[in-house]
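Containing mmCIF, C-alpha atoms: work.cif.
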```cif
data_final
#
loop_
_atom_site.group_PDB
_atom_site.id
_atom_site.type_symbol
_atom_site.label_atom_id
_atom_site.label_comp_id
_atom_site.auth_asym_id
_atom_site.auth_seq_id
_atom_site.Cartn_x
_atom_site.Cartn_y
_atom_site.Cartn_z
ATOM 1 C CA MET A 226 6.498 -250.505 -2.136
ATOM 2 C CA VAL A 227 9.660 -251.078 -0.127
ATOM 3 C CA GLU A 228 11.269 -252.565 -3.187
ATOM 4 C CA GLY A 229 10.503 -249.376 -5.195
ATOM 5 C CA ALA A 230 11.983 -247.181 -2.441
ATOM 6 C CA ILE A 231 15.145 -249.278 -2.390
ATOM 7 C CA MET A 232 15.436 -249.058 -6.199
ATOM 8 C CA SER A 233 14.885 -245.318 -6.032
ATOM 9 C CA LYS A 234 17.627 -244.943 -3.416
ATOM 10 C CA THR A 235 19.964 -247.093 -5.505
ATOM 11 C CA VAL A 236 19.315 -244.998 -8.627
ATOM 12 C CA LYS A 237 19.848 -241.766 -6.674
ATOM 13 C CA SER A 238 23.013 -243.184 -5.152
ATOM 14 C CA LYS A 239 24.371 -244.161 -8.581
ATOM 15 C CA ARG A 240 23.496 -240.724 -9.990
ATOM 16 C CA ARG A 241 25.280 -239.084 -7.062
ATOM 17 C CA GLN A 242 28.329 -241.305 -7.592
ATOM 18 C CA THR A 243 28.350 -240.434 -11.295
ATOM 19 C CA ALA A 244 28.095 -236.713 -10.524
ATOM 20 C CA ASP A 245 30.912 -236.995 -7.965
ATOM 21 C CA LEU A 246 33.099 -238.842 -10.474
ATOM 22 C CA GLN A 247 32.431 -236.184 -13.122
ATOM 23 C CA ILE A 248 33.454 -233.457 -10.681
ATOM 24 C CA LYS A 249 36.578 -235.399 -9.792
ATOM 25 C CA LEU A 250 37.383 -235.912 -13.473
ATOM 26 C CA ARG A 251 37.062 -232.174 -14.208
ATOM 27 C CA LYS A 252 39.351 -231.415 -11.274
ATOM 28 C CA THR A 253 41.895 -233.995 -12.445
ATOM 29 C CA ASP A 254 41.732 -232.649 -15.990
ATOM 30 C CA ARG A 255 42.372 -229.141 -14.679
ATOM 31 C CA GLU A 256 45.367 -230.406 -12.685
ATOM 32 C CA LEU A 257 46.759 -232.168 -15.774
ATOM 33 C CA GLY A 258 46.338 -228.986 -17.766
ATOM 34 C CA GLN A 259 48.136 -226.971 -15.094
ATOM 35 C CA LEU A 260 50.985 -229.500 -14.909
ATOM 36 C CA ASN A 261 51.446 -229.384 -18.682
ATOM 37 C CA TRP A 262 51.432 -225.584 -18.582
ATOM 38 C CA GLU A 263 54.070 -225.584 -15.835
ATOM 39 C CA LEU A 264 56.124 -228.168 -17.729
ATOM 40 C CA ALA A 265 56.085 -225.903 -20.782
ATOM 41 C CA GLN A 266 57.312 -222.963 -18.720
ATOM 42 C CA GLU A 267 60.196 -225.044 -17.368
ATOM 43 C CA LEU A 268 61.081 -226.247 -20.865
ATOM 44 C CA VAL A 269 61.202 -222.660 -22.150
ATOM 45 C CA THR A 270 63.515 -221.776 -19.266
ATOM 46 C CA LEU A 271 65.682 -224.806 -20.032
ATOM 47 C CA ALA A 272 65.894 -223.841 -23.708
ATOM 48 C CA ASP A 273 66.984 -220.360 -22.720
ATOM 49 C CA GLN A 274 69.586 -221.526 -20.192
ATOM 50 C CA ALA A 275 71.002 -224.256 -22.422
ATOM 51 C CA ASN A 276 70.761 -222.117 -25.565
ATOM 52 C CA ASN A 277 69.103 -225.130 -27.172
ATOM 53 C CA PRO A 278 65.859 -224.814 -29.153
ATOM 54 C CA GLU A 279 64.842 -228.483 -28.750
ATOM 55 C CA PRO A 280 63.002 -227.977 -25.427
ATOM 56 C CA LEU A 281 60.903 -225.294 -27.143
ATOM 57 C CA ILE A 282 59.379 -227.943 -29.391
ATOM 58 C CA GLU A 283 58.542 -230.013 -26.324
ATOM 59 C CA ALA A 284 57.107 -226.909 -24.662
ATOM 60 C CA VAL A 285 54.726 -226.347 -27.581
ATOM 61 C CA GLU A 286 53.586 -229.967 -27.318
ATOM 62 C CA ALA A 287 53.006 -229.578 -23.568
ATOM 63 C CA LEU A 288 51.035 -226.363 -24.141
ATOM 64 C CA ARG A 289 48.884 -228.003 -26.785
ATOM 65 C CA SER A 290 48.224 -230.798 -24.335
ATOM 66 C CA ALA A 291 47.330 -228.267 -21.633
ATOM 67 C CA LYS A 292 44.964 -226.496 -24.010
ATOM 68 C CA ARG A 293 42.875 -229.660 -24.323
ATOM 69 C CA TYR A 294 42.072 -229.404 -20.623
ATOM 70 C CA TYR A 295 41.047 -225.740 -20.718
ATOM 71 C CA SER A 296 38.133 -225.258 -23.080
ATOM 72 C CA PHE A 297 37.094 -221.741 -23.949
ATOM 73 C CA GLU A 298 33.618 -222.479 -22.575
ATOM 74 C CA ASP A 299 34.870 -223.651 -19.157
ATOM 75 C CA ALA A 300 38.017 -221.559 -18.712
ATOM 76 C CA PRO A 301 38.102 -218.795 -21.331
ATOM 77 C CA ARG A 302 40.922 -216.728 -19.832
ATOM 78 C CA GLU A 303 43.197 -219.727 -19.296
ATOM 79 C CA HIS A 304 42.420 -220.947 -22.810
ATOM 80 C CA ALA A 305 43.433 -217.573 -24.250
ATOM 81 C CA LEU A 306 46.609 -217.429 -22.153
ATOM 82 C CA ILE A 307 47.656 -220.901 -23.267
ATOM 83 C CA GLN A 308 47.034 -219.868 -26.882
ATOM 84 C CA GLN A 309 49.265 -216.856 -26.240
ATOM 85 C CA SER A 310 51.940 -219.091 -24.686
ATOM 86 C CA ILE A 311 51.880 -221.376 -27.725
ATOM 87 C CA ALA A 312 52.326 -218.383 -30.033
ATOM 88 C CA ASP A 313 55.069 -216.867 -27.860
ATOM 89 C CA THR A 314 56.981 -220.144 -27.702
ATOM 90 C CA LEU A 315 56.747 -220.627 -31.464
ATOM 91 C CA LEU A 316 57.926 -217.047 -31.982
ATOM 92 C CA ILE A 317 60.962 -217.708 -29.792
ATOM 93 C CA LEU A 318 61.660 -220.924 -31.710
ATOM 94 C CA GLY A 319 61.288 -219.205 -35.069
ATOM 95 C CA ARG A 320 63.472 -216.291 -34.000
ATOM 96 C CA ARG A 321 66.263 -218.546 -32.747
ATOM 97 C CA THR A 322 66.294 -221.061 -35.560
ATOM 98 C CA GLY A 323 64.936 -219.084 -38.501
ATOM 99 C CA ASP A 324 62.237 -221.765 -38.800
ATOM 100 C CA ARG A 325 59.686 -220.215 -41.151
ATOM 101 C CA GLU A 326 57.068 -222.877 -40.377
ATOM 102 C CA ALA A 327 57.309 -222.112 -36.643
ATOM 103 C CA LEU A 328 56.864 -218.410 -37.427
ATOM 104 C CA MET A 329 53.838 -219.049 -39.639
ATOM 105 C CA THR A 330 52.279 -221.221 -36.937
ATOM 106 C CA ALA A 331 53.050 -218.505 -34.365
ATOM 107 C CA ARG A 332 51.369 -215.929 -36.594
ATOM 108 C CA ASP A 333 48.254 -218.094 -36.852
ATOM 109 C CA ALA A 334 48.292 -218.748 -33.096
ATOM 110 C CA TYR A 335 48.497 -215.007 -32.445
ATOM 111 C CA ARG A 336 45.509 -214.428 -34.713
ATOM 112 C CA GLY A 337 43.545 -216.987 -32.713
ATOM 113 C CA ALA A 338 44.663 -215.481 -29.420
ATOM 114 C CA ILE A 339 43.699 -211.982 -30.584
ATOM 115 C CA THR A 340 40.225 -213.279 -31.388
ATOM 116 C CA LEU A 341 39.972 -214.898 -27.955
ATOM 117 C CA ALA A 342 41.136 -211.693 -26.260
ATOM 118 C CA SER A 343 38.484 -209.797 -28.222
ATOM 119 C CA LEU A 344 35.816 -212.216 -27.031
ATOM 120 C CA LEU A 345 37.042 -211.649 -23.477
ATOM 121 C CA SER A 346 37.096 -207.855 -24.008
ATOM 122 C CA ASP A 347 40.665 -207.850 -22.703
ATOM 123 C CA GLU A 348 42.290 -204.822 -24.335
ATOM 124 C CA ALA A 349 45.627 -205.217 -22.529
ATOM 125 C CA LEU A 350 45.977 -208.804 -23.745
ATOM 126 C CA ARG A 351 44.954 -207.813 -27.282
ATOM 127 C CA ASP A 352 47.550 -205.033 -27.340
ATOM 128 C CA ALA A 353 50.321 -207.374 -26.154
ATOM 129 C CA LEU A 354 49.306 -209.976 -28.715
ATOM 130 C CA ARG A 355 49.249 -207.433 -31.534
ATOM 131 C CA ILE A 356 52.823 -206.392 -30.792
ATOM 132 C CA ASN A 357 54.087 -209.965 -31.080
ATOM 133 C CA TYR A 358 51.828 -210.618 -34.070
ATOM 134 C CA ARG A 359 53.421 -207.687 -35.887
ATOM 135 C CA GLU A 360 56.910 -208.870 -34.954
ATOM 136 C CA THR A 361 56.069 -212.283 -36.362
ATOM 137 C CA GLN A 362 54.826 -210.692 -39.568
ATOM 138 C CA THR A 363 58.023 -208.679 -39.835
ATOM 139 C CA LEU A 364 60.157 -211.794 -39.367
ATOM 140 C CA LEU A 365 58.116 -213.463 -42.110
ATOM 141 C CA GLY A 366 58.633 -210.462 -44.380
ATOM 142 C CA GLU A 367 54.915 -209.751 -44.543
ATOM 143 C CA THR A 368 53.466 -206.292 -44.894
ATOM 144 C CA LEU A 369 51.755 -204.812 -41.870
ATOM 145 C CA LYS A 370 48.676 -203.665 -43.798
ATOM 146 C CA SER A 371 46.746 -206.772 -42.760
ATOM 147 C CA ALA A 372 47.310 -205.903 -39.089
ATOM 148 C CA ALA A 373 44.808 -203.062 -39.444
ATOM 149 C CA ILE A 374 42.032 -205.662 -39.553
ATOM 150 C CA PHE A 375 42.588 -206.375 -35.872
ATOM 151 C CA ARG A 376 42.144 -202.774 -34.800
ATOM 152 C CA VAL A 377 38.418 -203.161 -35.392
ATOM 153 C CA ALA A 378 38.093 -206.532 -33.650
#
```

Represent the structure contained in this file as structure tokens.
Amino acid sequence: MVEGAIMSKTVKSKRRQTADLQIKLRKTDRELGQLNWELAQELVTLADQANNPEPLIEAVEALRSAKRYYSFEDAPREHALIQQSIADTLLILGRRTGDREALMTARDAYRGAITLASLLSDEALRDALRINYRETQTLLGETLKSAAIFRVA
């Protein structure tokens, strides 16, 4: 009987330790995501100050890394804002360098961010995203007729 109580306490203790470690891991993941997001912001500033597009590429990589730590299920607003930051950074890169691939990726990122903003029912974010989405389309030489799709979303 005593042996069963000891085993039960040990199992409960191990479960508690596992739960504590999972909480700590989520917190650490969130901190890593935040650090990557902040790194990206600094890289965008550096690119602007140095008039050098190279840090923008690193900023996109940092944002993509940050996005892994903010799932839509756990942190929907942060996930959407990181998606917006990725699109914005790619738009800046495409504008500065004429990089068509960066602009196409920005366009796709804006589409994703618009969808996320719709799921969040965030009209202000959707409106801001649509403006940059349209600018990206214009830079790509695309017609704006397809933008009407997002008015319904």

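From CA of Ala349 (chain A) back to CA of Leu316 (chain A), the distance works out to 19.5 Å.
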
Take the PyMOL selection byres ((chain A and resi 260) around 12), run it mentally on this structure, and tell me the resulting residues as a list in words.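 Given this file, the PyMOL selection byres ((chain A and resi 260) around 12) evaluates to Thr253, Asp254, Arg255, Glu256, Leu257, Gly258, Gln259, Asn261, Trp262, Glu263, Leu264, Ala265, Gln266, Glu267, Ala284, Ala287, Leu288, Ser290, Ala291, Lys292 and Tyr294 of chain A.
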
I'd like the residues picked by the PyMOL selection byres ((chain A and resi 300-307) around 10) written out as a ChimeraX atom specification, using the chain letters and numbers from the file. /A:255,258-259,262,285,288-299,308-313,335,337-342,344-345,347,350

Quote the spacing between CA of Arg336 (chain A) and CA of Asn277 (chain A) in Å to one decimal place.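 Computing the Euclidean distance for CA of Arg336 (chain A) and CA of Asn277 (chain A) yields 27.0 Å.
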
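Note that the spacing between CA of Gly366 (chain A) and CA of Leu281 (chain A) amounts to 22.9 Å.
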
Restricting the calculation to all atoms listed in the file: of A:Thr243, A:Ser346, A:Gln362, A:Ser238, which residue gets closest to Gly319 (chain A)?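 For Gly319 (chain A), the nearest of the given residues is A:Gln362.
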
Hey, what's within 10 Å of Thr361 (chain A) if we count only C-alpha atoms and toss same-chain stuff fewer than 6 positions away? As a list in words, please? Ala312, Asp313, Leu315, Leu316, Ile317, Gly319, Arg320, Arg325, Ala327, Leu328, Met329, Thr330, Ala331, Arg332, Asp333, Tyr335, Arg355 and Glu367 of chain A

Set up a box along x, y and z of the file covering all listed atoms of region 281-289 of chain A, add 3 Å on every one of the six sides, and write the centre and edge lengths in Å to one decimal, as JSON.
```
{"center_x": 54.9, "center_y": -227.7, "center_z": -26.5, "size_x": 18.0, "size_y": 10.7, "size_z": 11.8}
```

Check the smallest atom-to-atom distance from each of A:Ile248, A:Leu364, A:Ile356, A:Leu268 to Glu326 (chain A) using all atoms listed in the file, then report the winner. A:Leu364

Selected residue, from A:Glu286, A:Glu348, A:Glu279, A:Asp245, that lies nearest to Leu318 (chain A) when counting all atoms listed in the file: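 Of A:Glu286, A:Glu348, A:Glu279, A:Asp245, the one nearest Leu318 (chain A), counting all atoms listed in the file, is A:Glu279.
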
Restricting the calculation to all atoms listed in the file: of A:Leu246, A:Leu271, A:Arg241, A:Ala334, which residue gets closest to Tyr358 (chain A)?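 Closest candidate: A:Ala334.
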